[in-house]
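Peer 1: Structure file target-v1.txt (compact mmCIF, C-alpha atoms and all ligand atoms) is given on the next line.
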```
# COMPACT_ATOMS: atom_id res chain seq x y z
CA MET N 247 0.00 0.00 0.00
CA PRO N 248 1.42 3.43 -0.85
CA ILE N 249 2.12 5.87 1.97
CA THR N 250 0.32 9.19 1.62
CA VAL N 251 1.86 12.39 2.97
CA ILE N 252 -0.54 15.30 3.51
CA PRO N 253 0.72 18.78 4.47
CA VAL N 254 -1.71 20.55 6.81
CA GLU N 255 -2.11 23.90 5.08
CA GLY N 256 -4.19 26.95 5.95
CA LEU N 257 -3.37 27.10 9.66
CA PRO N 258 -3.20 30.61 11.16
CA LEU N 259 -0.34 32.01 13.21
CA ILE N 260 -0.69 30.06 16.43
CA ARG N 261 -1.05 31.96 19.68
CA PRO N 262 -1.12 30.88 23.34
CA GLY N 263 -4.49 29.37 24.19
CA ASP N 264 -5.28 28.24 20.64
CA ASP N 265 -6.94 24.83 20.36
CA LEU N 266 -4.36 23.19 18.11
CA ALA N 267 -6.32 19.92 17.72
CA ARG N 268 -9.47 21.72 16.62
CA LEU N 269 -7.55 23.94 14.19
CA ILE N 270 -5.79 20.93 12.64
CA ALA N 271 -8.96 18.82 12.44
CA ALA N 272 -10.69 21.68 10.62
CA GLN N 273 -8.03 21.56 7.87
CA VAL N 274 -7.61 17.83 7.34
CA GLU N 275 -9.87 14.82 7.61
CA LEU N 276 -8.09 12.38 9.91
CA VAL N 277 -8.69 8.62 9.92
CA ASP N 278 -7.76 5.92 12.43
CA GLY N 279 -4.12 4.89 12.12
CA ASP N 280 -2.90 8.21 10.68
CA ILE N 281 0.31 9.63 12.12
CA LEU N 282 0.26 13.38 12.64
CA CYS N 283 3.58 15.18 12.95
CA VAL N 284 3.44 18.61 14.52
CA ALA N 285 6.31 21.08 14.86
CA SER N 286 7.27 21.51 18.51
CA SER N 287 7.44 25.26 17.88
CA VAL N 288 3.74 25.32 17.12
CA TRP N 289 2.77 22.98 19.96
CA SER N 290 4.65 25.29 22.31
CA LYS N 291 3.07 28.43 20.93
CA ALA N 292 -0.41 26.99 21.48
CA ALA N 293 0.55 25.84 24.99
CA GLY N 294 2.04 29.25 25.85
CA ASN N 295 5.41 27.55 26.30
CA LEU N 296 7.21 30.77 25.40
CA ARG N 297 9.34 33.29 27.24
CA SER N 298 9.86 36.95 26.76
CA LEU N 299 13.57 37.80 26.63
CA ASP N 300 12.91 40.83 28.80
CA GLU N 301 11.96 38.48 31.63
CA CYS N 302 15.15 36.42 31.36
CA VAL N 303 17.64 37.90 33.80
CA PRO N 304 21.09 36.57 32.89
CA GLY N 305 23.22 35.21 35.70
CA ASP N 306 27.03 35.08 35.77
CA ARG N 307 27.19 31.78 33.90
CA ALA N 308 24.92 32.99 31.09
CA ILE N 309 26.90 36.22 30.79
CA ALA N 310 30.20 34.31 30.59
CA ILE N 311 28.90 31.86 27.96
CA ALA N 312 27.28 34.63 25.92
CA ALA N 313 30.61 36.48 25.81
CA LYS N 314 32.15 33.38 24.21
CA THR N 315 29.34 32.57 21.75
CA GLY N 316 28.48 36.19 20.90
CA GLU N 317 24.80 35.67 21.74
CA ASP N 318 22.34 37.64 23.86
CA PRO N 319 22.96 36.72 27.53
CA ARG N 320 19.19 36.72 28.13
CA PHE N 321 18.79 34.11 25.40
CA ILE N 322 21.57 32.00 26.94
CA GLN N 323 19.83 32.27 30.32
CA ALA N 324 16.63 30.88 28.73
CA VAL N 325 18.73 28.03 27.29
CA LEU N 326 20.33 27.27 30.68
CA ASP N 327 16.92 27.30 32.37
CA GLU N 328 15.73 24.55 29.97
CA SER N 329 18.89 22.47 30.39
CA GLU N 330 19.49 19.70 32.86
CA SER N 331 23.22 19.75 32.12
CA LEU N 332 25.63 21.07 29.51
CA ILE N 333 27.96 19.11 27.24
CA LEU N 334 29.45 22.11 25.41
CA GLU N 335 29.46 25.84 26.15
CA HIS N 336 30.96 27.00 22.87
CA PRO N 337 31.11 27.39 19.90
CA PHE N 338 27.47 26.63 20.75
CA VAL N 339 25.69 25.48 23.86
CA LEU N 340 24.87 21.77 23.71
CA SER N 341 22.35 20.79 26.37
CA VAL N 342 20.93 17.66 27.89
CA LEU N 343 17.21 18.24 28.48
CA PRO N 344 15.30 16.72 31.39
CA HIS N 345 13.50 14.22 29.14
CA GLY N 346 16.73 12.89 27.58
CA HIS N 347 16.96 14.85 24.34
CA ILE N 348 20.35 16.41 23.62
CA GLY N 349 20.12 19.56 21.55
CA VAL N 350 21.92 22.68 20.46
CA ARG N 351 20.76 25.64 22.59
CA ALA N 352 18.34 23.26 24.36
CA GLY N 353 16.12 23.54 21.29
CA VAL N 354 15.17 27.10 22.28
CA ASP N 355 14.04 28.90 19.11
CA GLN N 356 14.02 32.53 18.09
CA SER N 357 12.58 31.98 14.62
CA ASN N 358 8.90 31.87 13.64
CA VAL N 359 7.92 33.83 16.75
CA ASP N 360 7.29 37.52 17.44
CA GLY N 361 10.47 39.49 18.20
CA GLY N 362 11.53 39.52 21.84
CA GLN N 363 10.13 36.07 22.54
CA VAL N 364 11.67 32.61 22.49
CA ILE N 365 9.96 29.26 21.98
CA LEU N 366 10.83 26.45 24.39
CA LEU N 367 10.59 22.72 23.71
CA PRO N 368 7.76 20.99 25.57
CA ARG N 369 8.98 20.09 29.06
CA ASP N 370 7.23 16.71 28.92
CA PRO N 371 7.17 15.86 25.20
CA LEU N 372 5.64 12.37 25.55
CA ASN N 373 2.77 13.90 27.43
CA ALA N 374 2.50 16.69 24.87
CA ALA N 375 2.10 14.12 22.09
CA ALA N 376 -0.38 12.02 24.10
CA GLY N 377 -2.43 15.08 25.01
CA LEU N 378 -2.68 16.16 21.38
CA ALA N 379 -3.66 12.61 20.34
CA ASP N 380 -6.46 12.63 22.96
CA SER N 381 -7.70 16.04 21.83
CA LEU N 382 -7.63 14.94 18.17
CA LEU N 383 -9.72 11.87 19.08
CA GLU N 384 -12.21 14.15 20.79
CA VAL N 385 -12.58 16.60 17.93
CA SER N 386 -12.22 14.24 14.95
CA GLY N 387 -13.23 10.81 16.25
CA ALA N 388 -10.00 9.37 14.82
CA ARG N 389 -7.37 7.62 16.92
CA VAL N 390 -4.12 8.87 15.45
CA GLY N 391 -0.48 8.60 16.43
CA VAL N 392 1.28 11.90 17.11
CA ILE N 393 4.95 12.86 16.74
CA VAL N 394 6.15 16.22 18.06
CA THR N 395 9.13 17.21 15.92
CA ASP N 396 12.00 19.64 16.01
CA THR N 397 14.70 20.51 13.51
CA CYS N 398 18.05 19.37 14.92
CA GLY N 399 21.66 19.07 13.91
CA ARG N 400 23.41 15.70 13.98
CA SER N 401 26.85 14.44 14.92
CA PHE N 402 29.25 13.69 12.06
CA ARG N 403 27.17 15.36 9.34
CA ARG N 404 26.49 18.89 8.24
CA GLY N 405 22.85 19.90 7.90
CA GLN N 406 19.77 19.64 10.09
CA THR N 407 16.90 17.17 9.86
CA GLY N 408 13.64 16.64 11.69
CA HIS N 409 13.87 14.63 14.91
CA ALA N 410 11.11 13.21 17.08
CA ILE N 411 10.98 14.97 20.45
CA GLY N 412 7.78 13.34 21.69
CA TRP N 413 5.56 10.55 20.37
CA SER N 414 2.35 8.78 21.23
CA GLY N 415 0.53 5.78 19.80
CA MET N 416 3.70 4.03 18.56
CA THR N 417 7.09 2.93 19.80
CA ALA N 418 10.05 5.14 18.99
CA ILE N 419 12.14 2.21 17.81
CA ARG N 420 11.29 -0.65 15.50
CA ASP N 421 13.26 -3.57 16.84
CA PHE N 422 14.61 -5.93 14.17
CA ARG N 423 16.78 -7.92 16.58
CA GLY N 424 16.01 -11.62 16.31
CA GLU N 425 14.62 -11.34 12.76
CA THR N 426 16.55 -12.82 9.85
CA ASP N 427 17.93 -11.11 6.74
CA LEU N 428 17.54 -12.33 3.14
CA PHE N 429 20.21 -14.96 3.73
CA GLY N 430 18.86 -16.24 7.01
CA HIS N 431 21.42 -14.43 9.18
CA GLU N 432 19.98 -13.33 12.48
CA LEU N 433 19.95 -9.55 13.00
CA LYS N 434 21.73 -8.82 16.24
CA ILE N 435 21.88 -5.03 16.53
CA THR N 436 19.40 -3.48 14.12
CA GLU N 437 17.02 -1.07 15.82
CA GLU N 438 15.39 1.45 13.51
CA ALA N 439 14.51 4.88 14.88
CA VAL N 440 11.20 5.03 13.01
CA VAL N 441 9.90 8.14 14.74
CA ASP N 442 12.97 10.06 13.58
CA GLU N 443 12.58 8.79 10.02
CA ILE N 444 9.00 10.02 9.93
CA ALA N 445 9.95 13.29 11.64
CA GLY N 446 12.67 13.77 9.02
CA PHE N 447 10.18 13.50 6.17
CA ALA N 448 7.73 15.77 8.03
CA ASN N 449 10.48 18.36 8.40
CA LEU N 450 11.09 18.20 4.64
CA VAL N 451 7.42 19.00 4.02
CA MET N 452 7.27 21.74 6.68
CA GLY N 453 10.39 23.62 5.68
CA GLU N 454 12.07 26.04 8.05
CA SER N 455 10.91 29.43 6.98
CA ASP N 456 7.58 30.95 6.06
CA ALA N 457 5.77 27.99 4.45
CA GLY N 458 3.29 28.02 7.33
CA VAL N 459 2.97 24.22 7.33
CA PRO N 460 3.54 23.12 10.93
CA ALA N 461 1.79 19.75 10.70
CA VAL N 462 1.93 16.80 8.31
CA VAL N 463 -0.25 13.68 8.17
CA PHE N 464 1.18 10.28 7.18
CA ARG N 465 -1.35 7.67 6.07
CA GLY N 466 -0.63 4.02 5.33
CA ILE N 467 2.57 3.44 7.31
CA PRO N 468 2.27 -0.18 8.46
CA PRO N 469 2.39 -0.54 12.26
CA TRP N 470 5.59 -1.79 13.88
CA THR N 471 6.67 -3.10 17.26
CA GLY N 472 9.69 -2.26 19.36
CA HIS N 473 10.50 -0.09 22.33
CA ASP N 474 10.82 3.49 23.51
CA ASP N 475 14.48 3.63 24.58
CA LEU N 476 15.40 6.23 21.97
CA TYR N 477 18.06 7.85 24.15
CA TRP N 478 21.27 6.15 25.23
CA ARG N 479 21.40 5.52 28.92
CA GLU N 480 24.15 6.92 31.12
CA GLY N 481 27.39 5.16 30.15
CA GLU N 482 26.18 3.90 26.74
CA ASP N 483 26.69 7.10 24.74
CA LEU N 484 30.29 7.09 23.53
CA ILE N 485 30.12 10.48 21.79
CA ARG N 486 28.66 12.20 24.82
CA GLU N 487 31.28 10.67 27.08
CA ALA N 488 34.10 11.68 24.76
CA LEU N 489 32.84 15.27 24.53
CA CYS N 490 32.44 15.49 28.28
CA ARG N 491 35.97 14.16 28.78
CA VAL N 492 37.52 16.67 26.41
CA HIS N 493 35.53 19.72 27.45
CA SER N 494 34.86 19.00 31.14
CA VAL N 495 32.16 21.65 31.41
CA ARG N 496 31.28 22.72 34.94
CA PRO N 497 27.94 21.26 36.14
CA LEU N 498 24.95 23.60 35.93
CA ARG N 499 23.59 23.15 39.43
P1 LIG O 501 10.51 23.72 14.54
O1 LIG O 501 11.19 22.82 13.53
O2 LIG O 501 9.60 22.97 15.48
O3 LIG O 501 11.47 24.58 15.28
O4 LIG O 501 9.54 24.70 13.73
P2 LIG O 501 9.88 25.76 12.56
O5 LIG O 501 10.03 27.13 13.17
O6 LIG O 501 11.01 25.26 11.73
O7 LIG O 501 8.54 25.71 11.72
C1 LIG O 501 8.12 24.55 11.02
C2 LIG O 501 7.02 24.91 10.02
O8 LIG O 501 5.90 25.45 10.75
C3 LIG O 501 7.39 25.98 8.98
O9 LIG O 501 6.69 25.66 7.77
C4 LIG O 501 6.83 27.27 9.58
O10 LIG O 501 6.54 28.24 8.58
C5 LIG O 501 5.56 26.74 10.23
N1 LIG O 501 5.06 27.54 11.35
C6 LIG O 501 5.75 27.95 12.45
N2 LIG O 501 4.93 28.64 13.27
C7 LIG O 501 3.71 28.65 12.67
C8 LIG O 501 2.43 29.21 13.01
O11 LIG O 501 2.24 29.83 14.08
N3 LIG O 501 1.41 29.00 12.13
C9 LIG O 501 1.58 28.34 10.94
N4 LIG O 501 0.52 28.19 10.13
N5 LIG O 501 2.76 27.81 10.60
C10 LIG O 501 3.80 27.97 11.44
MN MN O 502 13.05 24.32 16.62
MN MN O 503 12.11 23.51 11.83
```
Please render this file's structure as structure tokens.
Peer 2:
Amino acid sequence: MPITVIPVEGLPLIRPGDDLARLIAAQVELVDGDILCVASSVWSKAAGNLRSLDECVPGDRAIAIAAKTGEDPRFIQAVLDESESLILEHPFVLSVLPHGHIGVRAGVDQSNVDGGQVILLPRDPLNAAAGLADSLLEVSGARVGVIVTDTCGRSFRRGQTGHAIGWSGMTAIRDFRGETDLFGHELKITEEAVVDEIAGFANLVMGESDAGVPAVVFRGIPPWTGHDDLYWREGEDLIREALCRVHSVRPLR
């Protein structure tokens, strides 16, 4: 069966208090089994998960980092406030977020929002995705999977792609371990990050600038089974350990 990809067009500029599920359901007819990707920036705008830079009072650490990166110390303070710990301070801040995601500038965004404000990533992204799925069921009658996405950089490669920040109605990973390949060899390590693959395609459809397409529906992706351990546990992440060893950044708190 072919997979259909439907951009959700015609959405307004989202403001705090907007009913995102109702707005989306008014633009696209959802059916059971669809997967809806929504940009975290837009989820956060609707949820009021924003900060005004004027209200971010930079502390000593933010001022010191901002002097190195050349950024606004108030912006760096917002980034530190979202971070559980830091891996790098410069040339850019690389943060570990409370829910496990590791992102440049803690995923705090200054684009696609009114000047003077910053957009934060959802604090509890799994809950954000589940809440939107519940609201979509209420307004559309369809039980859909939801992936909350953000545009992120990667290690080793230039260029950003969409990543899954939160998900509901699916497992993050499709686990191939124990299955056999074309030649009957047992797969021992293959775990596919399906939510990131879908988020990557959604990001392609959304774009980064003024397309105004913050949500994308995927129809016809066959269900999969696996698990939700998308993030390496402490001690498993070789890159993170190596960076921490080389840079030995002072703990945040
Ligand atoms: P992020 O990847 O979650 O940081 O989100 P982006 O800022 O890259 O935006 C992704 C897509 O959503 C782009 O097509 C933007 O033009 C669009 N977008 C962002 N904010 C809004 C909004 O308030 N309303 C609409 N209709 N589109 C938006
Ligand atoms: Mn973003
Ligand atoms: Mn983006």
Peer 1: In Å, how far is it from atom CA of N:Val339 to atom CA of N:Ile309?
Peer 2: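 Pair atom CA of N:Val339 / atom CA of N:Ile309 returns 12.8 Å.
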Peer 1: Got a sec to check which residues lie within 7 Å of ligand LIG 501 (chain O), using all atoms listed in the file, and send them as a list of chain:residue names?
Peer 2: N:Gly256, N:Leu257, N:Pro258, N:Leu259, N:Ile260, N:Arg261, N:Ala285, N:Ser286, N:Ser287, N:Val288, N:Asp355, N:Ser357, N:Asn358, N:Val359, N:Thr395, N:Asp396, N:Thr397, N:Gly408, N:Asn449, N:Met452, N:Gly453, N:Glu454, N:Ser455, N:Asp456, N:Ala457, N:Gly458, N:Val459, N:Pro460
Peer 1: Which one is closest to ligand MN 502 (chain O): N:Cys283, N:Val303, N:Leu269, N:Val354? Count all atoms listed in the file.
Peer 2: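 Of N:Cys283, N:Val303, N:Leu269, N:Val354, the one nearest ligand MN 502 (chain O) is N:Val354, counting all atoms listed in the file.
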Peer 1: Please provide the set of residues having any atom within 8 Å of N:Ala324, restricted to all atoms listed in the file, with same-chain residues fewer than 4 positions apart removed, written as a list of chain:residue names.
Peer 2: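 Result of the neighbour search: N:Arg297, N:Leu299, N:Cys302, N:Arg320, N:Glu328, N:Val354.
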Peer 1: Contacts of N:Gly346 at 12 Å or less, counting all atoms listed in the file, minus same-chain residues fewer than 6 places along, as a tab-separated table (two decimals) with C-alpha atoms, in the frame of the given file?
Peer 2:
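File written: around_19.tsv
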```tsv
chain	number	residue	atom	x	y	z
N	328	GLU	CA	15.73	24.55	29.97
N	329	SER	CA	18.89	22.47	30.39
N	330	GLU	CA	19.49	19.70	32.86
N	331	SER	CA	23.22	19.75	32.12
N	352	ALA	CA	18.34	23.26	24.36
N	369	ARG	CA	8.98	20.09	29.06
N	370	ASP	CA	7.23	16.71	28.92
N	371	PRO	CA	7.17	15.86	25.20
N	372	LEU	CA	5.64	12.37	25.55
N	410	ALA	CA	11.11	13.21	17.08
N	411	ILE	CA	10.98	14.97	20.45
N	412	GLY	CA	7.78	13.34	21.69
N	474	ASP	CA	10.82	3.49	23.51
N	475	ASP	CA	14.48	3.63	24.58
N	476	LEU	CA	15.40	6.23	21.97
N	477	TYR	CA	18.06	7.85	24.15
N	478	TRP	CA	21.27	6.15	25.23
N	479	ARG	CA	21.40	5.52	28.92
N	480	GLU	CA	24.15	6.92	31.12
N	483	ASP	CA	26.69	7.10	24.74
```
Peer 1: At what distance in Å, to one decimal, does atom CA of N:Asp278 lie from atom CA of N:Gly466?
Peer 2: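 Pair atom CA of N:Gly466 / atom CA of N:Asp278 returns 10.2 Å.
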Peer 1: Which is closer to ligand MN 503 (chain O) than all the others in N:Ala376, N:Leu484, N:Ala271, N:Val394, using all atoms listed in the file?
Peer 2: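 Going through N:Ala376, N:Leu484, N:Ala271, N:Val394 one by one, the smallest distance to ligand MN 503 (chain O) is for N:Val394.
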Peer 1: So, with only C-alpha atoms as the atoms that count, which of N:Met247, N:Val325, N:Ile393, N:Val277 lies closest to N:Thr417?
Peer 2: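 Of all the options, N:Ile393 lies closest to N:Thr417.
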Peer 1: Which residue is closest to ligand MN 502 (chain O)? Choose from N:Ala293, N:Ile365, N:Ile485, N:Leu450 and count all atoms listed in the file.
Peer 2: N:Ile365
Peer 1: Determine the nearest neighbour of ligand MN 502 (chain O) from the options N:Ala312, N:Val284, N:Val492, N:Val274, counting all atoms listed in the file.
Peer 2: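 That would be N:Val284, the residue with the smallest distance to ligand MN 502 (chain O).
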Peer 1: For atom CA of N:Thr436 and atom CA of N:Phe422, quote the distance in Å rounded to one decimal.
Peer 2: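 Between atom CA of N:Thr436 and atom CA of N:Phe422 the gap is 5.4 Å.
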Peer 1: Neighbouring residues of N:Ile333 were defined as those with any atom within 6 Å, considering only C-alpha atoms; residues of the same chain fewer than 5 positions away were excluded. Please report them as number ranges by chain.
Peer 2: N: 340-341, 490
Peer 1: Which of these, N:Leu367, N:Ile252, N:Val463, N:Cys398, has the shortest distance to ligand MN 503 (chain O) once you count only C-alpha atoms and all ligand atoms?
Peer 2: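 With only C-alpha atoms and all ligand atoms as the atom set, the closest residue is N:Cys398.
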Peer 1: For a cut-off of 6 Å around (14.7, -0.1, 15.0), file coordinates, pick out all residues using all atoms listed in the file and list them as a list of chain:residue names.
Peer 2: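 Those residues, ordered by chain and then number, are N:Ile419, N:Arg420, N:Asp421, N:Phe422, N:Thr436, N:Glu437, N:Glu438, N:Ala439.
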Peer 1: Give me the residues within 7 Å of N:Leu296 as number ranges by chain, counting only C-alpha atoms and dropping any in the same chain fewer than 3 places off.
Peer 2: N: 290-291, 363-366
Peer 1: What's the 12 Å shell around N:Ser494, counting only C-alpha atoms, without same-chain residues fewer than 2 positions away, as a ChimeraX atom specification?
Peer 2: /N:331-335,486-492,496-498
Peer 1: Store the residues picked out above in a file with C-alpha atoms, as a PDB file, keeping the file's coordinate frame.
Peer 2:
```pdb
ATOM      1  CA  SER N 331      23.220  19.750  32.120  1.00  0.00           C
ATOM      2  CA  LEU N 332      25.630  21.070  29.510  1.00  0.00           C
ATOM      3  CA  ILE N 333      27.960  19.110  27.240  1.00  0.00           C
ATOM      4  CA  LEU N 334      29.450  22.110  25.410  1.00  0.00           C
ATOM      5  CA  GLU N 335      29.460  25.840  26.150  1.00  0.00           C
ATOM      6  CA  ARG N 486      28.660  12.200  24.820  1.00  0.00           C
ATOM      7  CA  GLU N 487      31.280  10.670  27.080  1.00  0.00           C
ATOM      8  CA  ALA N 488      34.100  11.680  24.760  1.00  0.00           C
ATOM      9  CA  LEU N 489      32.840  15.270  24.530  1.00  0.00           C
ATOM     10  CA  CYS N 490      32.440  15.490  28.280  1.00  0.00           C
ATOM     11  CA  ARG N 491      35.970  14.160  28.780  1.00  0.00           C
ATOM     12  CA  VAL N 492      37.520  16.670  26.410  1.00  0.00           C
ATOM     13  CA  ARG N 496      31.280  22.720  34.940  1.00  0.00           C
ATOM     14  CA  PRO N 497      27.940  21.260  36.140  1.00  0.00           C
ATOM     15  CA  LEU N 498      24.950  23.600  35.930  1.00  0.00           C
TER      16      LEU N 498
END
```
